[in-house]
Amino acid sequence: MSPQLEIQLIAMLVAAACALPGVFLVLRRTAMVSDAISHTILFGIVIGFLVVRDLASPWLMAGATLTGVLTVWLVELLTRTRRVHEDAAIGLVFPLLFSLAVIMISRFAGNVHLDNDAVLLGEIGFAPFDRLVLLGVDLPRAMWVMGGILAANLLFIGVCYKELKLSTFDAGLATALGFSPALLHYGLMTLVSLTAVGAFDAVGAILVVALMIGPPAAAYLLTDRLARMVGLSVAIGALSALAGYWLARTLDTTIAGAMATMIGVSFALVFVFAPQRGMIALLRRRAGQRWIVAQQMLAAHLLQHEGTPAAEDESRLSTLGEHLRWSPGFVVGVVRRAEAGDLVRRDGDALRLTARGRALAVAAMTR
Amino acid sequence: MDLLTDYTLRSIALGAAALGIVSGILGCFAVLRRQALLGDAMSHAALPGVVLAFMLTGSRAPLVLVCGAALAGWLGALAVLAIVRLSRIKEDSAFGLVLSVFFAVGMLLLSMLQRSGAGGQAGLDKYLFGQAAALVTSDVITIAALGALTLLVLAVFWKEFQLLSFDPDYAASLGYPVRALDILLTSLIVLAIVIGLQLVGVVLMSAMLVAPAVAARQWTNRLGTMALLAGGFGALAGVTGAVISATGRGLATGPVIVVCISVVVLASLAFAPGRGILWGWLRQRRSRRRLAAGDGARP
Amino acid sequence: MDRSTAAIDVTDLTVAYHDTPVLWDVDVRVPHGVLMAIVGPNGAGKTTLIKAILGLVRPAAGQTLIDGAPYAQQRQRVGYVPQRGSVDWDFPTSVLDVVMMGRYGQLGWFRRPGKRERELALAALETVQLQQYADRQISQLSGGQQQRVFLARALVQDAQVYFMDEPFAGVDAVTERAIIGVLQGLRAAGKTVVVVHHDLQTVPEYFDWVTLLNVRVIACGPVAEAFTDEHLRRAYGGRIAFLGGGSGEPHPAPPAEHDAGPAVIVGTPR
């Protein structure tokens, strides 16, 4: 395998591994936790490095993962004191740990390849040069690591799929049925943390957030089924990563930055053009709804005043706009549509409900 | 002693103090309106603005870069709003997405600049983590002028912003244009963010909004006092951090300032009279002991 | 005050959130000097009706007039008490500051509240019996006290028409009495008070006018005419239970239509 191919494979592996736990972060409305975790694992990485002096040590990975989980716990602890709201608690904890890490890097670890660029962008471009032979197979270390993390994520989600689905949808019910949402929550947070640690080498601390949140957010606009959302997230993440690699080569720039940028582009495309839940579909639907609701309103208005002394005045085409506070143009549009739909007919200047129109009004008002 | 004699140090301290005051005071509103994470998203989103402003104008004048940052920060806030309004994506995902993607675009552009070896690009690095030592007089003047403008607008609309933050529906019922006030206040927060970028950097700037306000909230129950205290805490941490970083060996300023302000926050959370966690804990222990004693007295 | 026009005149009001109408062609006319309850099941649009009148939500059709003129021109004559849960009670501000917010409408832009505003606010606090709490932080108050702070804030607006969204939610019986006393005082002074109310039992006792709402207006008028079994059944559908006569419920003689003298309770399943 050429190094270039290996880089592309690693990029796709990282994106796929990140997208899996990301689905549940997005659905549980805890996306910003990934922001906090991805920053604070740096603290764990630096401390671990200062202890074991080896960036590739599994102990360092374990320690860094633990820091991520610790962050979640710290935020919860701060929130529980009721002195700080959750958003502010997140905004307090991760800058502190991240700052300490950055200071320690420049004071104690400046000589190793753990500088600001590595922290913010990772070094996916160098990944093929750090190799690991396992079971006689010689692959870049990052590929082994991310493959393992991807497998772990798949395993966890596969085994706990039902429980995750239930506790995400209805934590109260999950507790009542004897599944501990807290346990699942921390299980998920451990995975998020582990994935962020694994991805850190490749894409750095901040861009992990894009990989975790972007693909699931896009997938959320494409499907209503959880299983499909998981699959789509992985696909969107991997394809964006691939596109990012080629963008980076074309522009001669950072691969990690381009990967995250392409995830943004993918999301933007889905956000605008998604068939059911995209922006265009939504705006068109809302515009259509406006006319439908207006026709219902017209029918309901005529029905309300049918047979009352004010009926003549309320149903006159010329005064309708005044009563409903509709602009003349809007009145014309609504009446034209209502006539075409056989909801009303004209009787001189007055509007009369047809049988259809009366049925619609009754149905709309008794809903 | 250095602080009084060394001209460079003095201007750095001045800039840091101005930044601390402005971000501390504006941060009170961000925190009270639960917009801490919006601040984070907007500050990260400012990066592509800085880089693009430089790429388009070729100028490193602080005002040019600040304008770019402010525009991009605003665009980030708008993107969050659009995503939440026009899809079923929730706020937290929108924040995370905007923050990381805007930042990615910024890093992509920055990296392109660096590899093309464009002249003067070295100066843009400092917008990541801040670099007090690189602060020059024109930067300090920009910071101070923008800061003064921000505070002036805040003072003029103080009563309205207070009402908006506490009870926006009621403000609307009194006839205040709530949407316009909201936009104005958010713009001021964006300004507070961009004037801090040179000293603290995009990655950590949100902490300068959140931390002083949270610390100040523990000491007082009045918005006015809280704002003054937050400004004071912000200035204290800013000056301390900037001076340590400028005199230390190559320490980025942002992280140092954040550590300083975090110490203030931790001390306030623990020891502030009334709300301090320590006092609450002691109270609880005392009452528990009293209860236990009462139980013991019973047969 | 012009007695020929209604205090509140809502005509053909429809409010829709996207495709879901929350209020259908609502007509409500409230004369001056009455204390009116808006009652109806959950989701009936009670809060939306108030918000639409106050211009806080945009109606899809229809109009509302206060004293014969659109709300935008009559702001100074209208006071509003939002739901207590709509604000963050941990906000760093004192009781007196919150009450003084009621003067902001009269103060207009830029002017700060001064001595006069302080005095008015203190007087309003005295009316709701909270004068000794003026300097307290608002989170240190009980739910009932917080509700009375909101009431005091509306009182300093010195309005002609008041809108109150569930002022009795989560308050104890004593506070409820105190609040209703203040409201009846307002009515005695010729003001019009509109209250979103939940407890059907107390409607005949507290109010003299009532609007039964369930997306549409079921009935609107004096309690004796509008608050009937039939109207209640139509407003609440099957979700209402009637107790037989002589149940000993502590409320005054029911309206004329209640020949059997039933007391009414809501059995809204939650």
# chains A, B, ... in the order shown; residues from 1 in each chain; ligands from 1
call {"tool": "closest_atom_pairs", "arguments": {"of": "segment 61-129 of chain B", "to": "segment 194-203 of chain B", "cutoff": "10 Å", "atoms": "only C-alpha atoms", "output": "CSV"}}
result
residue,atom,partner,partner_atom,distance
B:Pro62,CA,B:Gln198,CA,9.0
B:Leu63,CA,B:Ile195,CA,9.6
B:Leu65,CA,B:Val194,CA,9.0
B:Val66,CA,B:Val194,CA,5.9
B:Cys67,CA,B:Val194,CA,8.3
B:Gly68,CA,B:Val194,CA,9.2
B:Ala69,CA,B:Val194,CA,6.1
B:Ala70,CA,B:Val194,CA,6.1
B:Leu71,CA,B:Val194,CA,9.8
B:Gly73,CA,B:Val194,CA,8.3
B:Leu99,CA,B:Val203,CA,9.9
B:Phe103,CA,B:Val202,CA,8.8
B:Gly123,CA,B:Gln198,CA,9.8
B:Leu124,CA,B:Gln198,CA,9.0
B:Asp125,CA,B:Gly201,CA,9.1
B:Lys126,CA,B:Gln198,CA,6.3
B:Tyr127,CA,B:Gly201,CA,4.6
B:Leu128,CA,B:Gly201,CA,4.5
B:Phe129,CA,B:Gly201,CA,4.1
call {"tool": "write_last_selection", "arguments": {"atoms": "all heavy atoms", "output": "short mmCIF file (atom, residue, chain, number, x, y, z; two decimals), in the first residue's frame"}}
result
data_model
loop_
_atom_site.label_atom_id
_atom_site.label_comp_id
_atom_site.auth_asym_id
_atom_site.auth_seq_id
_atom_site.Cartn_x
_atom_site.Cartn_y
_atom_site.Cartn_z
N PRO B 62 -4.44 46.18 12.98
CA PRO B 62 -5.36 45.53 13.92
C PRO B 62 -6.82 45.76 13.58
O PRO B 62 -7.63 44.84 13.68
CB PRO B 62 -4.98 46.16 15.27
CG PRO B 62 -4.02 47.25 14.98
CD PRO B 62 -3.44 47.00 13.64
N LEU B 63 -7.16 46.95 13.11
CA LEU B 63 -8.57 47.24 12.86
C LEU B 63 -9.12 46.37 11.73
O LEU B 63 -10.25 45.88 11.79
CB LEU B 63 -8.74 48.72 12.53
CG LEU B 63 -10.14 49.26 12.81
CD1 LEU B 63 -10.51 49.04 14.26
CD2 LEU B 63 -10.21 50.74 12.45
N LEU B 65 -8.05 43.33 10.79
CA LEU B 65 -8.21 41.95 11.24
C LEU B 65 -9.39 41.83 12.20
O LEU B 65 -10.14 40.85 12.18
CB LEU B 65 -6.92 41.46 11.90
CG LEU B 65 -5.70 41.50 10.99
CD1 LEU B 65 -4.49 40.86 11.69
CD2 LEU B 65 -5.95 40.79 9.68
N VAL B 66 -9.56 42.83 13.05
CA VAL B 66 -10.67 42.81 14.00
C VAL B 66 -12.01 42.83 13.26
O VAL B 66 -12.95 42.12 13.61
CB VAL B 66 -10.55 44.00 14.97
CG1 VAL B 66 -11.91 44.34 15.56
CG2 VAL B 66 -9.57 43.68 16.08
N CYS B 67 -12.07 43.63 12.19
CA CYS B 67 -13.31 43.67 11.40
C CYS B 67 -13.60 42.31 10.80
O CYS B 67 -14.73 41.82 10.84
CB CYS B 67 -13.20 44.71 10.29
SG CYS B 67 -13.42 46.38 10.89
N GLY B 68 -12.56 41.68 10.23
CA GLY B 68 -12.74 40.34 9.66
C GLY B 68 -13.23 39.37 10.72
O GLY B 68 -14.18 38.61 10.49
N ALA B 69 -12.60 39.43 11.89
CA ALA B 69 -12.99 38.52 12.97
C ALA B 69 -14.43 38.75 13.39
O ALA B 69 -15.20 37.81 13.58
CB ALA B 69 -12.06 38.72 14.17
N ALA B 70 -14.82 40.02 13.51
CA ALA B 70 -16.18 40.34 13.95
C ALA B 70 -17.19 39.84 12.93
O ALA B 70 -18.21 39.23 13.30
CB ALA B 70 -16.33 41.84 14.17
N LEU B 71 -16.91 40.07 11.66
CA LEU B 71 -17.83 39.60 10.62
C LEU B 71 -18.00 38.08 10.66
O LEU B 71 -19.12 37.56 10.63
CB LEU B 71 -17.31 40.02 9.24
CG LEU B 71 -17.72 41.41 8.79
CD1 LEU B 71 -17.09 41.74 7.45
CD2 LEU B 71 -19.25 41.49 8.68
N GLY B 73 -17.35 36.08 13.17
CA GLY B 73 -18.01 35.69 14.41
C GLY B 73 -19.53 35.84 14.29
O GLY B 73 -20.29 34.96 14.69
N LEU B 99 -18.66 25.80 15.43
CA LEU B 99 -17.37 26.01 16.08
C LEU B 99 -16.26 25.26 15.35
O LEU B 99 -15.25 25.84 14.95
CB LEU B 99 -17.51 25.52 17.52
CG LEU B 99 -16.38 25.40 18.51
CD1 LEU B 99 -16.99 25.44 19.90
CD2 LEU B 99 -15.59 24.13 18.36
N PHE B 103 -13.60 26.82 12.50
CA PHE B 103 -12.21 26.74 12.92
C PHE B 103 -11.38 25.97 11.89
O PHE B 103 -10.25 26.37 11.56
CB PHE B 103 -12.13 26.06 14.29
CG PHE B 103 -10.76 26.04 14.88
CD1 PHE B 103 -10.21 27.20 15.41
CD2 PHE B 103 -10.01 24.88 14.89
CE1 PHE B 103 -8.94 27.19 15.95
CE2 PHE B 103 -8.73 24.87 15.43
CZ PHE B 103 -8.20 26.02 15.96
N GLY B 123 2.57 36.59 11.83
CA GLY B 123 1.81 37.31 12.84
C GLY B 123 0.45 36.72 13.13
O GLY B 123 -0.14 37.00 14.17
N LEU B 124 -0.06 35.88 12.22
CA LEU B 124 -1.41 35.38 12.43
C LEU B 124 -1.46 34.22 13.42
O LEU B 124 -2.51 33.94 14.00
CB LEU B 124 -2.03 34.95 11.09
CG LEU B 124 -2.24 36.09 10.09
CD1 LEU B 124 -3.02 35.58 8.89
CD2 LEU B 124 -2.97 37.25 10.73
N ASP B 125 -0.34 33.55 13.62
CA ASP B 125 -0.30 32.45 14.59
C ASP B 125 -0.80 32.87 15.96
O ASP B 125 -1.41 32.10 16.68
CB ASP B 125 1.16 31.97 14.74
CG ASP B 125 1.48 30.95 13.68
OD1 ASP B 125 0.58 30.67 12.88
OD2 ASP B 125 2.62 30.46 13.66
N LYS B 126 -0.50 34.11 16.30
CA LYS B 126 -0.81 34.55 17.66
C LYS B 126 -2.31 34.61 17.91
O LYS B 126 -2.74 34.70 19.05
CB LYS B 126 -0.17 35.90 17.93
CG LYS B 126 -0.80 37.04 17.15
CD LYS B 126 -0.13 38.35 17.50
CE LYS B 126 -0.73 39.47 16.68
NZ LYS B 126 0.24 40.41 16.18
N TYR B 127 -3.11 34.53 16.85
CA TYR B 127 -4.56 34.53 17.06
C TYR B 127 -5.08 33.18 17.54
O TYR B 127 -6.25 33.05 17.88
CB TYR B 127 -5.29 34.95 15.77
CG TYR B 127 -5.20 36.43 15.54
CD1 TYR B 127 -4.19 36.99 14.78
CD2 TYR B 127 -6.13 37.28 16.14
CE1 TYR B 127 -4.10 38.36 14.60
CE2 TYR B 127 -6.05 38.65 15.96
CZ TYR B 127 -5.03 39.17 15.19
OH TYR B 127 -4.95 40.53 15.03
N LEU B 128 -4.22 32.16 17.57
CA LEU B 128 -4.67 30.87 18.06
C LEU B 128 -4.67 30.84 19.59
O LEU B 128 -5.67 30.54 20.21
CB LEU B 128 -3.75 29.77 17.52
CG LEU B 128 -3.90 29.53 16.02
CD1 LEU B 128 -2.85 28.54 15.53
CD2 LEU B 128 -5.29 29.00 15.71
N PHE B 129 -3.54 31.17 20.18
CA PHE B 129 -3.44 31.12 21.64
C PHE B 129 -3.09 32.47 22.26
O PHE B 129 -2.91 32.57 23.45
CB PHE B 129 -2.38 30.09 22.06
CG PHE B 129 -2.82 28.69 21.85
CD1 PHE B 129 -2.12 27.84 21.01
CD2 PHE B 129 -3.95 28.20 22.49
CE1 PHE B 129 -2.54 26.54 20.81
CE2 PHE B 129 -4.38 26.91 22.29
CZ PHE B 129 -3.65 26.07 21.45
#
call {"tool": "interface_residues", "arguments": {"of": "chain B", "to": "chain A", "cutoff": "8 Å", "atoms": "only C-alpha atoms", "output": "number ranges by chain"}}
result
B: 31, 34-37, 40, 83, 86-93, 95-97, 100-105, 107-109, 111-112, 115, 204, 206-207, 210-211, 214, 218, 250-252, 254-256, 258-259, 262, 269, 275, 277
call {"tool": "closest_residue", "arguments": {"among": "B:Leu163, B:Val51, B:Ala192, B:Leu291", "to": "chain C", "atoms": "only C-alpha atoms"}}
result
B:Leu163
call {"tool": "atom_distance", "arguments": {"atom1": "atom CA of Phe43 of chain A", "atom2": "atom CA of Gly24 of chain B"}}
result
25.9 Å
call {"tool": "select_by_dssp", "arguments": {"residues": "segment 84-291 of chain B", "states": "alpha helix (DSSP H)", "output": "number ranges by chain"}}
result
B: 84-86, 91-116, 126-129, 137-156, 158-166, 168-173, 178-200, 205-219, 223-247, 253-271, 277-291
call {"tool": "interface_residues", "arguments": {"of": "chain C", "to": "chain A", "cutoff": "12 Å", "atoms": "only C-alpha atoms", "output": "ChimeraX atom specification"}}
result
/C:10-27,44,58-64,88,90-91,214-218,234-235,237
call {"tool": "closest_atom_pairs", "arguments": {"of": "chain C", "to": "chain B", "cutoff": "9 Å", "atoms": "only C-alpha atoms", "output": "tab-separated table"}}
result
residue	atom	partner	partner_atom	distance
C:Lys51	CA	B:Ser173	CA	8.6
C:Leu54	CA	B:Ser173	CA	6.0
C:Gly55	CA	B:Ser173	CA	7.2
C:Leu56	CA	B:Ala172	CA	6.7
C:Ala72	CA	B:Gly175	CA	7.4
C:Arg75	CA	B:Leu174	CA	6.4
C:Gln76	CA	B:Leu174	CA	7.9
C:Val78	CA	B:Leu174	CA	8.5
C:Gly79	CA	B:Ser173	CA	8.3
C:Tyr80	CA	B:Tyr170	CA	7.2
C:Val81	CA	B:Tyr170	CA	7.9
C:Pro82	CA	B:Tyr170	CA	7.1
C:Ser86	CA	B:Asp167	CA	7.5
C:Val87	CA	B:Asp167	CA	5.8
C:Asp88	CA	B:Phe166	CA	6.8
C:Trp89	CA	B:Phe166	CA	8.6
C:Asp90	CA	B:Asn221	CA	8.8
C:Phe91	CA	B:Phe166	CA	6.7
C:Pro92	CA	B:Asn221	CA	4.4
C:Thr93	CA	B:Arg222	CA	4.9
C:Ser94	CA	B:Arg222	CA	6.9
C:Val98	CA	B:Leu163	CA	8.7
C:Met101	CA	B:Leu163	CA	7.2
C:Gly102	CA	B:Leu174	CA	8.5
C:Tyr104	CA	B:Leu174	CA	7.6
C:Gly105	CA	B:Leu174	CA	5.2
C:Gln106	CA	B:Leu174	CA	8.8
C:Gly108	CA	B:Tyr176	CA	8.9
C:Trp109	CA	B:Glu160	CA	7.8
C:Phe110	CA	B:Val156	CA	6.1
C:Arg111	CA	B:Lys159	CA	8.3
C:Arg112	CA	B:Lys159	CA	6.9
C:Pro113	CA	B:Lys159	CA	8.7
C:Arg136	CA	B:Asn221	CA	8.8
C:Gln137	CA	B:Asn221	CA	6.1
C:Ile138	CA	B:Asn221	CA	8.9
call {"tool": "select_by_dssp", "arguments": {"residues": "segment 47-214 of chain C", "states": "strand (DSSP E)", "output": "list in words"}}
result
Ala61, Gly62, Gln63, Thr64, Leu65, Ile66, Ala69, Pro70, Val78, Gly79, Tyr80, Val81, Val161, Tyr162, Phe163, Met164, Asp165, Thr192, Val193, Val194, Val195, Val196, Trp209, Val210, Thr211, Leu212, Leu213 and Asn214 of chain C
call {"tool": "residues_around", "arguments": {"residues": "Ala123 of chain C", "least_positions_apart": "6", "cutoff": "10 Å", "atoms": "only C-alpha atoms", "output": "PyMOL selection string"}}
result
chain C and resi 117+129-131+152+155-156
call {"tool": "residues_around", "arguments": {"residues": "segment 137-147 of chain A", "least_positions_apart": "3", "cutoff": "10 Å", "atoms": "only C-alpha atoms", "output": "compact mmCIF listing (two decimals) with N, CA and C atoms, in the first residue's frame"}}
result
# COMPACT_ATOMS: atom_id res chain seq x y z
N MET A 1 0.84 -1.21 0.00
CA MET A 1 0.00 0.00 0.00
C MET A 1 0.87 1.25 0.00
N PRO A 3 1.87 5.11 0.81
CA PRO A 3 1.55 5.97 1.96
C PRO A 3 0.30 6.82 1.71
N GLU A 6 -2.66 4.79 2.30
CA GLU A 6 -2.79 4.55 3.75
C GLU A 6 -3.38 5.76 4.46
N ILE A 7 -2.93 6.96 4.07
CA ILE A 7 -3.48 8.16 4.70
C ILE A 7 -4.97 8.25 4.47
N LEU A 9 -7.04 5.83 3.89
CA LEU A 9 -7.75 4.81 4.67
C LEU A 9 -7.85 5.23 6.14
N ILE A 10 -6.75 5.77 6.66
CA ILE A 10 -6.78 6.22 8.06
C ILE A 10 -7.81 7.33 8.24
N ALA A 11 -7.84 8.27 7.29
CA ALA A 11 -8.80 9.37 7.39
C ALA A 11 -10.23 8.82 7.44
N MET A 12 -10.52 7.83 6.60
CA MET A 12 -11.86 7.27 6.60
C MET A 12 -12.15 6.50 7.88
N LEU A 13 -11.14 5.79 8.37
CA LEU A 13 -11.31 5.05 9.63
C LEU A 13 -11.63 6.02 10.78
N VAL A 14 -10.85 7.11 10.86
CA VAL A 14 -11.06 8.10 11.93
C VAL A 14 -12.47 8.66 11.85
N ALA A 15 -12.87 9.04 10.63
CA ALA A 15 -14.20 9.65 10.48
C ALA A 15 -15.29 8.67 10.87
N ALA A 16 -15.13 7.40 10.44
CA ALA A 16 -16.16 6.40 10.75
C ALA A 16 -16.23 6.16 12.26
N ALA A 17 -15.06 6.04 12.88
CA ALA A 17 -15.03 5.77 14.31
C ALA A 17 -15.65 6.93 15.09
N CYS A 18 -15.41 8.17 14.65
CA CYS A 18 -15.96 9.33 15.35
C CYS A 18 -17.47 9.44 15.16
N ALA A 56 3.13 6.71 22.24
CA ALA A 56 2.39 5.58 21.67
C ALA A 56 1.97 4.58 22.74
N PRO A 58 0.08 2.46 25.42
CA PRO A 58 -1.34 2.24 25.73
C PRO A 58 -1.72 2.85 27.08
N ILE A 124 -1.85 13.57 10.57
CA ILE A 124 -2.27 12.42 9.77
C ILE A 124 -1.32 12.20 8.59
N PHE A 126 1.81 12.27 8.58
CA PHE A 126 2.99 11.49 8.95
C PHE A 126 2.63 10.08 9.42
N ALA A 127 1.32 9.80 9.50
CA ALA A 127 0.89 8.53 10.07
C ALA A 127 1.53 7.30 9.42
N PRO A 128 1.70 7.29 8.09
CA PRO A 128 2.27 6.08 7.47
C PRO A 128 3.69 5.76 7.93
N PHE A 129 4.40 6.73 8.52
CA PHE A 129 5.80 6.49 8.88
C PHE A 129 5.94 5.83 10.24
N ASP A 130 4.85 5.80 11.01
CA ASP A 130 4.88 5.18 12.33
C ASP A 130 4.19 3.83 12.21
N ARG A 131 5.00 2.76 12.10
CA ARG A 131 4.39 1.48 11.74
C ARG A 131 4.37 0.52 12.90
N LEU A 132 3.49 -0.46 12.81
CA LEU A 132 3.35 -1.45 13.86
C LEU A 132 3.07 -2.79 13.18
N VAL A 133 3.86 -3.79 13.52
CA VAL A 133 3.63 -5.12 12.95
C VAL A 133 2.89 -5.96 13.99
N LEU A 134 1.68 -6.34 13.62
CA LEU A 134 0.88 -7.19 14.50
C LEU A 134 0.46 -8.41 13.71
N LEU A 150 -12.67 1.68 16.23
CA LEU A 150 -13.89 1.51 15.43
C LEU A 150 -14.59 0.21 15.82
N ALA A 151 -13.79 -0.86 15.98
CA ALA A 151 -14.38 -2.14 16.36
C ALA A 151 -15.03 -2.03 17.74
N ALA A 152 -14.34 -1.36 18.67
CA ALA A 152 -14.90 -1.21 20.02
C ALA A 152 -16.22 -0.45 19.98
N ASN A 153 -16.25 0.62 19.18
CA ASN A 153 -17.48 1.40 19.06
C ASN A 153 -18.61 0.55 18.48
N THR A 195 -12.34 7.51 21.63
CA THR A 195 -12.31 7.84 20.21
C THR A 195 -11.57 9.15 19.98
N VAL A 197 -9.26 10.41 21.88
CA VAL A 197 -7.83 10.19 22.11
C VAL A 197 -7.20 9.54 20.88
N GLY A 198 -7.89 8.54 20.35
CA GLY A 198 -7.35 7.86 19.16
C GLY A 198 -7.24 8.81 17.98
N ALA A 199 -8.26 9.67 17.83
CA ALA A 199 -8.29 10.58 16.68
C ALA A 199 -7.35 11.76 16.87
N ASP A 201 -4.15 12.07 17.49
CA ASP A 201 -2.91 11.99 16.70
C ASP A 201 -3.16 12.39 15.25
N ALA A 202 -4.32 11.98 14.75
CA ALA A 202 -4.59 12.21 13.33
C ALA A 202 -5.08 13.63 13.05
call {"tool": "residues_around", "arguments": {"residues": "Ile193 of chain B", "least_positions_apart": "5", "cutoff": "8 Å", "atoms": "only C-alpha atoms", "output": "PyMOL selection string"}}
result
chain B and resi 23+39+42-43+205-206+209
call {"tool": "closest_residue", "arguments": {"among": "C:Pro204, C:Gly221, C:Gly68, C:Gly181", "to": "Asp9 of chain C", "atoms": "only C-alpha atoms"}}
result
C:Gly68
call {"tool": "residues_around", "arguments": {"residues": "Ala148 of chain B", "least_positions_apart": "5", "cutoff": "9 Å", "atoms": "only C-alpha atoms", "output": "mmCIF file with N, CA and C atoms, in the first residue's frame"}}
result
data_model
loop_
_atom_site.group_PDB
_atom_site.id
_atom_site.type_symbol
_atom_site.label_atom_id
_atom_site.label_comp_id
_atom_site.auth_asym_id
_atom_site.auth_seq_id
_atom_site.Cartn_x
_atom_site.Cartn_y
_atom_site.Cartn_z
ATOM 1 N N ALA B 18 -7.728 46.357 29.702
ATOM 2 C CA ALA B 18 -8.898 46.784 28.934
ATOM 3 C C ALA B 18 -9.701 45.572 28.476
ATOM 4 N N VAL B 22 -13.637 44.616 29.634
ATOM 5 C CA VAL B 22 -14.720 44.520 28.653
ATOM 6 C C VAL B 22 -15.309 43.114 28.615
ATOM 7 N N ILE B 143 -7.616 48.137 20.935
ATOM 8 C CA ILE B 143 -8.331 47.442 22.005
ATOM 9 C C ILE B 143 -9.053 48.438 22.902
ATOM 10 N N VAL B 153 -21.839 51.939 24.839
ATOM 11 C CA VAL B 153 -23.145 51.462 24.358
ATOM 12 C C VAL B 153 -23.849 50.673 25.462
#
